[in-house]
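What follows is a short report on a single structure.
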Amino acid sequence: MTAFLTMWDADASLGGRTVLDGTDVLVDRGQLVAVVGPNGAGKSSLIRAFAGLLPLTGGVVRLQGDDVTTLSLRARAARISYLPQEGRIAWNLPAIEVAALGAPFLSGAEAMAAARAALDEVEAGHLADRGVAEMSGGERARVLLARALAANAPALLADEPTAGLDPDAQLMVLERLKARAAAGQAVLVSLHDLGLAARFADSVVVMNAGCVEAHAAPLEALTPEVMARVFGLAARWVEGPDGPLLWSGRYSDGSPSGTRSASSPA
């Protein structure tokens, strides 16, 4: 059976720089797959390619078996919900109206109901009537995530949804995305925090210079060797009360890095 999100041998460039290089990634419904890697590794490009927003120069991306380039914008929107990394909102609309924009195929009343449910899901129901320009960055991030959740599409693509959030809010977001995967969505999310990826993801894609260095269960993908090669990080995993914890003593070049717990960004 074909996975819901399929990328085979994908190549892509931006500004003359290769951002995807023979990339293969599969994400099926019921899975939360985390994409990690250093800055510029190709994480956002991978997600944008799945959304049909980054043209490929080679290979193919398929949504539910169909080449993404053959699908209309409406057909893509019916199959995937996309949360970009940029959190810009042009107008000072109430949060509930921004969230309702994520459900364009529902009637007005149904879209507002879906928006309210999504705001409640991300613990932002109290912000429903507040203008987004009057919110903190973290509050706006929750509203934008609610917009993506309101669509309730079969697949959810989220690019750095925990950026700028407090630690407790980061955990809440990953718990909600994990629950969405458990309910049957195909969830692909880019993260900088290796501890969160190891704790919540069913599998981890490690990107480096546009290539997939590893794609496996979290601790099989994020081995000490891979973390040293890709992140320049000398680290190992230890067992914690809520899952694996990342311990780091020194970078691979010998410079001190200090000690970090698994829940801290690596």
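The chains in the structure tokens are called A, B, ... from first to last as shown; in each chain the residues are counted from 1, and the ligands are counted from 1 in the order shown.
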
Do you have, as JSON lines, the list of residues of segment 195-230 of chain A lying at most 9 Å from segment 170-176 of chain A, each with its nearest atom pair and that distance in Å to one decimal, counting only C-alpha atoms and ordered by chain then number?
{"residue": "A:Leu196", "atom": "CA", "partner": "A:Leu174", "partner_atom": "CA", "distance": 7.7}
{"residue": "A:Ala197", "atom": "CA", "partner": "A:Leu174", "partner_atom": "CA", "distance": 8.9}
{"residue": "A:Phe200", "atom": "CA", "partner": "A:Leu174", "partner_atom": "CA", "distance": 6.7}
{"residue": "A:Ala201", "atom": "CA", "partner": "A:Leu174", "partner_atom": "CA", "distance": 8.8}

Export, as an mmCIF file, in the first residue's frame, the selected residues with all heavy atoms.
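Contents of selection_36.cif, as written:
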data_model
loop_
_atom_site.group_PDB
_atom_site.id
_atom_site.type_symbol
_atom_site.label_atom_id
_atom_site.label_comp_id
_atom_site.auth_asym_id
_atom_site.auth_seq_id
_atom_site.Cartn_x
_atom_site.Cartn_y
_atom_site.Cartn_z
ATOM 1 N N LEU A 196 12.412 16.782 21.749
ATOM 2 C CA LEU A 196 10.993 16.688 21.418
ATOM 3 C C LEU A 196 10.764 15.694 20.282
ATOM 4 O O LEU A 196 9.799 14.925 20.293
ATOM 5 C CB LEU A 196 10.447 18.059 21.028
ATOM 6 C CG LEU A 196 10.304 19.094 22.142
ATOM 7 C CD1 LEU A 196 9.822 20.418 21.569
ATOM 8 C CD2 LEU A 196 9.360 18.604 23.231
ATOM 9 N N ALA A 197 11.654 15.692 19.294
ATOM 10 C CA ALA A 197 11.522 14.746 18.187
ATOM 11 C C ALA A 197 11.605 13.311 18.690
ATOM 12 O O ALA A 197 10.800 12.454 18.298
ATOM 13 C CB ALA A 197 12.601 15.014 17.143
ATOM 14 N N PHE A 200 8.288 12.437 20.858
ATOM 15 C CA PHE A 200 6.939 12.395 20.295
ATOM 16 C C PHE A 200 6.826 11.724 18.930
ATOM 17 O O PHE A 200 5.748 11.246 18.581
ATOM 18 C CB PHE A 200 6.386 13.826 20.187
ATOM 19 C CG PHE A 200 6.026 14.442 21.504
ATOM 20 C CD1 PHE A 200 6.904 15.304 22.145
ATOM 21 C CD2 PHE A 200 4.823 14.145 22.125
ATOM 22 C CE1 PHE A 200 6.586 15.871 23.367
ATOM 23 C CE2 PHE A 200 4.493 14.708 23.348
ATOM 24 C CZ PHE A 200 5.374 15.572 23.975
ATOM 25 N N ALA A 201 7.878 11.713 18.143
ATOM 26 C CA ALA A 201 7.759 11.240 16.762
ATOM 27 C C ALA A 201 7.742 9.714 16.681
ATOM 28 O O ALA A 201 8.385 9.023 17.472
ATOM 29 C CB ALA A 201 8.905 11.781 15.916
#

If you count only C-alpha atoms, which residues fall within 10 Å of Arg74 of chain A, apart from same-chain ones fewer than 5 positions away, as a list in words?
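Counting only the stated atoms, we get Arg79, Pro104 and Phe105 of chain A.
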
Identify, on the basis of only C-alpha atoms, every residue whose closest approach to segment 235-239 of chain A does not exceed 7 Å; exclude the query and any residue fewer than 6 positions from it along the same chain; express the result as a count of residues only.
6

With 8 Å as the cut-off and only C-alpha atoms counted, what is the closest atom pair between each nearby residue of segment 75-124 of chain A and segment 36-52 of chain A? Distances in Å to one decimal, ordered by chain and number, as CSV.
residue,atom,partner,partner_atom,distance
A:Arg76,CA,A:Ala51,CA,7.5
A:Ile80,CA,A:Ala51,CA,7.2
A:Tyr82,CA,A:Ala51,CA,7.0
A:Gln85,CA,A:Ser44,CA,7.9

Compile the contact shell of Gly184 of chain A as a list in words: residues with an atom at most 6 Å away, counting only C-alpha atoms, same-chain residues fewer than 3 positions apart removed.
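The residues that qualify are Arg29, Gly30 and Ala181 of chain A.
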
Nearest to Met207 of chain A among A:Gln31, A:Thr23, A:Ser72, A:Ser136, with distances taken over only C-alpha atoms: which residue is it?
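Of the candidates, the smallest distance to Met207 of chain A is held by A:Thr23.
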
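The nearest approach to Arg199 of chain A among the residues A:Ala109, A:Val187, A:Leu222, A:Met135, with only C-alpha atoms taken into account, belongs to A:Leu222.
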
Which parts of segment 185-222 of chain A does DSSP call strand (DSSP E or B) when run on the backbone here, written out as a list in words?
Ala186, Val187, Leu188, Val189, Ser190, Ser203, Val204, Val205, Val206, Met207, Asn208, Cys211, Val212, Glu213, Ala214, His215 and Ala216 of chain A

Using only C-alpha atoms, please write the residues we just selected to a file, as a short mmCIF file (atom, residue, chain, number, x, y, z; two decimals), in the first residue's frame.
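Written file, out_28.cif:
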data_model
loop_
_atom_site.label_atom_id
_atom_site.label_comp_id
_atom_site.auth_asym_id
_atom_site.auth_seq_id
_atom_site.Cartn_x
_atom_site.Cartn_y
_atom_site.Cartn_z
CA ALA A 186 -0.47 11.93 8.39
CA VAL A 187 1.59 14.52 10.30
CA LEU A 188 4.95 15.85 9.07
CA VAL A 189 6.60 18.44 11.31
CA SER A 190 10.00 20.14 11.28
CA SER A 203 10.02 8.27 13.08
CA VAL A 204 12.62 10.95 12.44
CA VAL A 205 14.03 12.21 9.14
CA VAL A 206 17.52 13.68 9.58
CA MET A 207 18.33 16.18 6.81
CA ASN A 208 21.78 17.48 5.94
CA CYS A 211 20.03 14.83 1.69
CA VAL A 212 18.36 12.35 4.05
CA GLU A 213 21.04 11.13 6.44
CA ALA A 214 18.65 8.84 8.28
CA HIS A 215 14.95 7.99 8.40
CA ALA A 216 14.01 5.56 11.14
#

Backbone-only DSSP, alpha helix (DSSP H) members of segment 33-208 of chain A, as a VMD selection string
chain A and resid 43 to 50 73 to 79 95 to 100 108 to 121 137 to 150 167 to 182 194 to 200

Could you save those same residues with C-alpha atoms as a PDB file, in the first residue's frame?
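Saved file part_27.pdb follows:
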ATOM      1  CA  LYS A  43      13.682  20.919   6.303  1.00  0.00           C
ATOM      2  CA  SER A  44      11.416  23.720   5.103  1.00  0.00           C
ATOM      3  CA  SER A  45      12.105  22.831   1.472  1.00  0.00           C
ATOM      4  CA  LEU A  46      11.008  19.262   2.130  1.00  0.00           C
ATOM      5  CA  ILE A  47       7.716  20.416   3.635  1.00  0.00           C
ATOM      6  CA  ARG A  48       7.123  23.010   0.907  1.00  0.00           C
ATOM      7  CA  ALA A  49       7.714  20.366  -1.755  1.00  0.00           C
ATOM      8  CA  PHE A  50       5.055  18.150  -0.196  1.00  0.00           C
ATOM      9  CA  LEU A  73      -5.094  24.019  -5.680  1.00  0.00           C
ATOM     10  CA  ARG A  74      -8.491  22.996  -4.331  1.00  0.00           C
ATOM     11  CA  ALA A  75      -7.584  19.303  -4.471  1.00  0.00           C
ATOM     12  CA  ARG A  76      -4.307  19.956  -2.647  1.00  0.00           C
ATOM     13  CA  ALA A  77      -6.090  21.986   0.036  1.00  0.00           C
ATOM     14  CA  ALA A  78      -8.576  19.157   0.541  1.00  0.00           C
ATOM     15  CA  ARG A  79      -5.756  16.668   1.164  1.00  0.00           C
ATOM     16  CA  ALA A  95      -8.539  34.958  16.331  1.00  0.00           C
ATOM     17  CA  ILE A  96     -11.653  32.935  15.572  1.00  0.00           C
ATOM     18  CA  GLU A  97     -11.939  34.478  12.102  1.00  0.00           C
ATOM     19  CA  VAL A  98      -8.268  33.744  11.375  1.00  0.00           C
ATOM     20  CA  ALA A  99      -8.707  30.143  12.504  1.00  0.00           C
ATOM     21  CA  ALA A 100     -11.877  29.796  10.402  1.00  0.00           C
ATOM     22  CA  GLY A 108     -19.738  29.964   7.540  1.00  0.00           C
ATOM     23  CA  ALA A 109     -21.303  28.529  10.688  1.00  0.00           C
ATOM     24  CA  GLU A 110     -19.511  25.198  10.312  1.00  0.00           C
ATOM     25  CA  ALA A 111     -16.161  26.941   9.734  1.00  0.00           C
ATOM     26  CA  MET A 112     -16.627  29.060  12.854  1.00  0.00           C
ATOM     27  CA  ALA A 113     -17.483  25.963  14.886  1.00  0.00           C
ATOM     28  CA  ALA A 114     -14.391  24.178  13.577  1.00  0.00           C
ATOM     29  CA  ALA A 115     -12.310  27.264  14.380  1.00  0.00           C
ATOM     30  CA  ARG A 116     -13.601  27.457  17.941  1.00  0.00           C
ATOM     31  CA  ALA A 117     -12.907  23.748  18.482  1.00  0.00           C
ATOM     32  CA  ALA A 118      -9.381  24.158  17.097  1.00  0.00           C
ATOM     33  CA  LEU A 119      -8.690  27.169  19.327  1.00  0.00           C
ATOM     34  CA  ASP A 120      -9.843  25.154  22.327  1.00  0.00           C
ATOM     35  CA  GLU A 121      -7.610  22.288  21.186  1.00  0.00           C
ATOM     36  CA  GLY A 137       4.051  36.096  19.217  1.00  0.00           C
ATOM     37  CA  GLY A 138       3.323  32.904  21.114  1.00  0.00           C
ATOM     38  CA  GLU A 139      -0.410  33.620  21.151  1.00  0.00           C
ATOM     39  CA  ARG A 140      -0.430  34.268  17.403  1.00  0.00           C
ATOM     40  CA  ALA A 141       1.461  31.010  16.876  1.00  0.00           C
ATOM     41  CA  ARG A 142      -1.339  29.147  18.633  1.00  0.00           C
ATOM     42  CA  VAL A 143      -3.953  30.857  16.487  1.00  0.00           C
ATOM     43  CA  LEU A 144      -2.116  29.931  13.301  1.00  0.00           C
ATOM     44  CA  LEU A 145      -1.801  26.336  14.463  1.00  0.00           C
ATOM     45  CA  ALA A 146      -5.544  26.355  15.164  1.00  0.00           C
ATOM     46  CA  ARG A 147      -6.101  27.545  11.586  1.00  0.00           C
ATOM     47  CA  ALA A 148      -4.179  24.525  10.303  1.00  0.00           C
ATOM     48  CA  LEU A 149      -6.037  22.152  12.626  1.00  0.00           C
ATOM     49  CA  ALA A 150      -9.449  23.546  11.665  1.00  0.00           C
ATOM     50  CA  PRO A 167       8.516  25.027  26.977  1.00  0.00           C
ATOM     51  CA  ASP A 168       5.082  24.091  28.317  1.00  0.00           C
ATOM     52  CA  ALA A 169       3.441  25.340  25.103  1.00  0.00           C
ATOM     53  CA  GLN A 170       5.935  23.355  23.017  1.00  0.00           C
ATOM     54  CA  LEU A 171       4.912  20.196  24.842  1.00  0.00           C
ATOM     55  CA  MET A 172       1.234  21.047  24.348  1.00  0.00           C
ATOM     56  CA  VAL A 173       1.720  21.501  20.592  1.00  0.00           C
ATOM     57  CA  LEU A 174       3.527  18.185  20.179  1.00  0.00           C
ATOM     58  CA  GLU A 175       0.895  16.434  22.298  1.00  0.00           C
ATOM     59  CA  ARG A 176      -1.832  17.808  20.018  1.00  0.00           C
ATOM     60  CA  LEU A 177       0.037  16.794  16.860  1.00  0.00           C
ATOM     61  CA  LYS A 178       0.631  13.329  18.307  1.00  0.00           C
ATOM     62  CA  ALA A 179      -3.079  13.043  19.058  1.00  0.00           C
ATOM     63  CA  ARG A 180      -3.916  14.108  15.502  1.00  0.00           C
ATOM     64  CA  ALA A 181      -1.665  11.363  14.150  1.00  0.00           C
ATOM     65  CA  ALA A 182      -3.231   8.827  16.507  1.00  0.00           C
ATOM     66  CA  LEU A 194      15.966  16.773  19.133  1.00  0.00           C
ATOM     67  CA  GLY A 195      14.532  15.890  22.537  1.00  0.00           C
ATOM     68  CA  LEU A 196      10.993  16.688  21.418  1.00  0.00           C
ATOM     69  CA  ALA A 197      11.522  14.746  18.187  1.00  0.00           C
ATOM     70  CA  ALA A 198      12.728  11.685  20.086  1.00  0.00           C
ATOM     71  CA  ARG A 199       9.913  11.897  22.611  1.00  0.00           C
ATOM     72  CA  PHE A 200       6.939  12.395  20.295  1.00  0.00           C
TER      73      PHE A 200
END

Excluding Ala10 of chain A and residues on its chain fewer than 2 positions from it, collect all residues at most 6 Å away from it, counting only C-alpha atoms, and give them as number ranges by chain.
A: 8, 22-23, 58-60

I want to know what sits within 10 Å of Gly65 of chain A, based on only C-alpha atoms, with residues of the same chain fewer than 4 positions away left out; could you give that as a ChimeraX atom specification?
/A:1-6,61

So that I have them on file, write out the residues from the current selection with all heavy atoms, as an mmCIF file, in the first residue's frame.
data_model
loop_
_atom_site.group_PDB
_atom_site.id
_atom_site.type_symbol
_atom_site.label_atom_id
_atom_site.label_comp_id
_atom_site.auth_asym_id
_atom_site.auth_seq_id
_atom_site.Cartn_x
_atom_site.Cartn_y
_atom_site.Cartn_z
ATOM 1 N N MET A 1 0.843 -1.196 0.000
ATOM 2 C CA MET A 1 0.000 0.000 0.000
ATOM 3 C C MET A 1 0.878 1.246 0.000
ATOM 4 O O MET A 1 1.867 1.317 0.728
ATOM 5 C CB MET A 1 -0.919 -0.002 1.222
ATOM 6 C CG MET A 1 -1.869 1.189 1.271
ATOM 7 S SD MET A 1 -2.952 1.141 2.727
ATOM 8 C CE MET A 1 -3.882 -0.347 2.377
ATOM 9 N N THR A 2 0.518 2.240 -0.819
ATOM 10 C CA THR A 2 1.288 3.469 -0.929
ATOM 11 C C THR A 2 1.009 4.377 0.263
ATOM 12 O O THR A 2 -0.137 4.540 0.679
ATOM 13 C CB THR A 2 0.938 4.208 -2.228
ATOM 14 O OG1 THR A 2 1.165 3.339 -3.333
ATOM 15 C CG2 THR A 2 1.788 5.450 -2.388
ATOM 16 N N ALA A 3 2.078 4.983 0.808
ATOM 17 C CA ALA A 3 1.911 5.932 1.903
ATOM 18 C C ALA A 3 1.144 7.152 1.419
ATOM 19 O O ALA A 3 1.135 7.480 0.233
ATOM 20 C CB ALA A 3 3.268 6.344 2.453
ATOM 21 N N PHE A 4 0.491 7.858 2.338
ATOM 22 C CA PHE A 4 -0.309 9.019 1.955
ATOM 23 C C PHE A 4 0.579 10.124 1.375
ATOM 24 O O PHE A 4 0.234 10.753 0.376
ATOM 25 C CB PHE A 4 -1.088 9.557 3.148
ATOM 26 C CG PHE A 4 -2.162 10.538 2.768
ATOM 27 C CD1 PHE A 4 -3.438 10.108 2.460
ATOM 28 C CD2 PHE A 4 -1.890 11.895 2.686
ATOM 29 C CE1 PHE A 4 -4.423 11.006 2.078
ATOM 30 C CE2 PHE A 4 -2.864 12.806 2.313
ATOM 31 C CZ PHE A 4 -4.135 12.361 2.003
ATOM 32 N N LEU A 5 1.721 10.392 2.000
ATOM 33 C CA LEU A 5 2.694 11.358 1.503
ATOM 34 C C LEU A 5 3.911 10.587 1.018
ATOM 35 O O LEU A 5 4.527 9.840 1.788
ATOM 36 C CB LEU A 5 3.113 12.337 2.598
ATOM 37 C CG LEU A 5 2.022 13.197 3.230
ATOM 38 C CD1 LEU A 5 2.600 14.015 4.383
ATOM 39 C CD2 LEU A 5 1.396 14.127 2.198
ATOM 40 N N THR A 6 4.260 10.769 -0.243
ATOM 41 C CA THR A 6 5.367 10.013 -0.832
ATOM 42 C C THR A 6 6.276 10.957 -1.605
ATOM 43 O O THR A 6 5.816 11.714 -2.455
ATOM 44 C CB THR A 6 4.851 8.933 -1.800
ATOM 45 O OG1 THR A 6 3.879 8.118 -1.142
ATOM 46 C CG2 THR A 6 5.988 8.054 -2.292
ATOM 47 N N VAL A 61 6.643 14.005 -6.060
ATOM 48 C CA VAL A 61 5.920 14.042 -4.790
ATOM 49 C C VAL A 61 4.492 13.621 -5.071
ATOM 50 O O VAL A 61 3.857 14.133 -6.002
ATOM 51 C CB VAL A 61 5.945 15.454 -4.174
ATOM 52 C CG1 VAL A 61 4.948 15.555 -3.015
ATOM 53 C CG2 VAL A 61 7.339 15.806 -3.683
#

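Of the residues listed (A:Ala209, A:Leu219, A:Leu106, A:Leu56), A:Ala209 shows the shortest atom-to-atom separation from Thr18 of chain A; distances use only C-alpha atoms.
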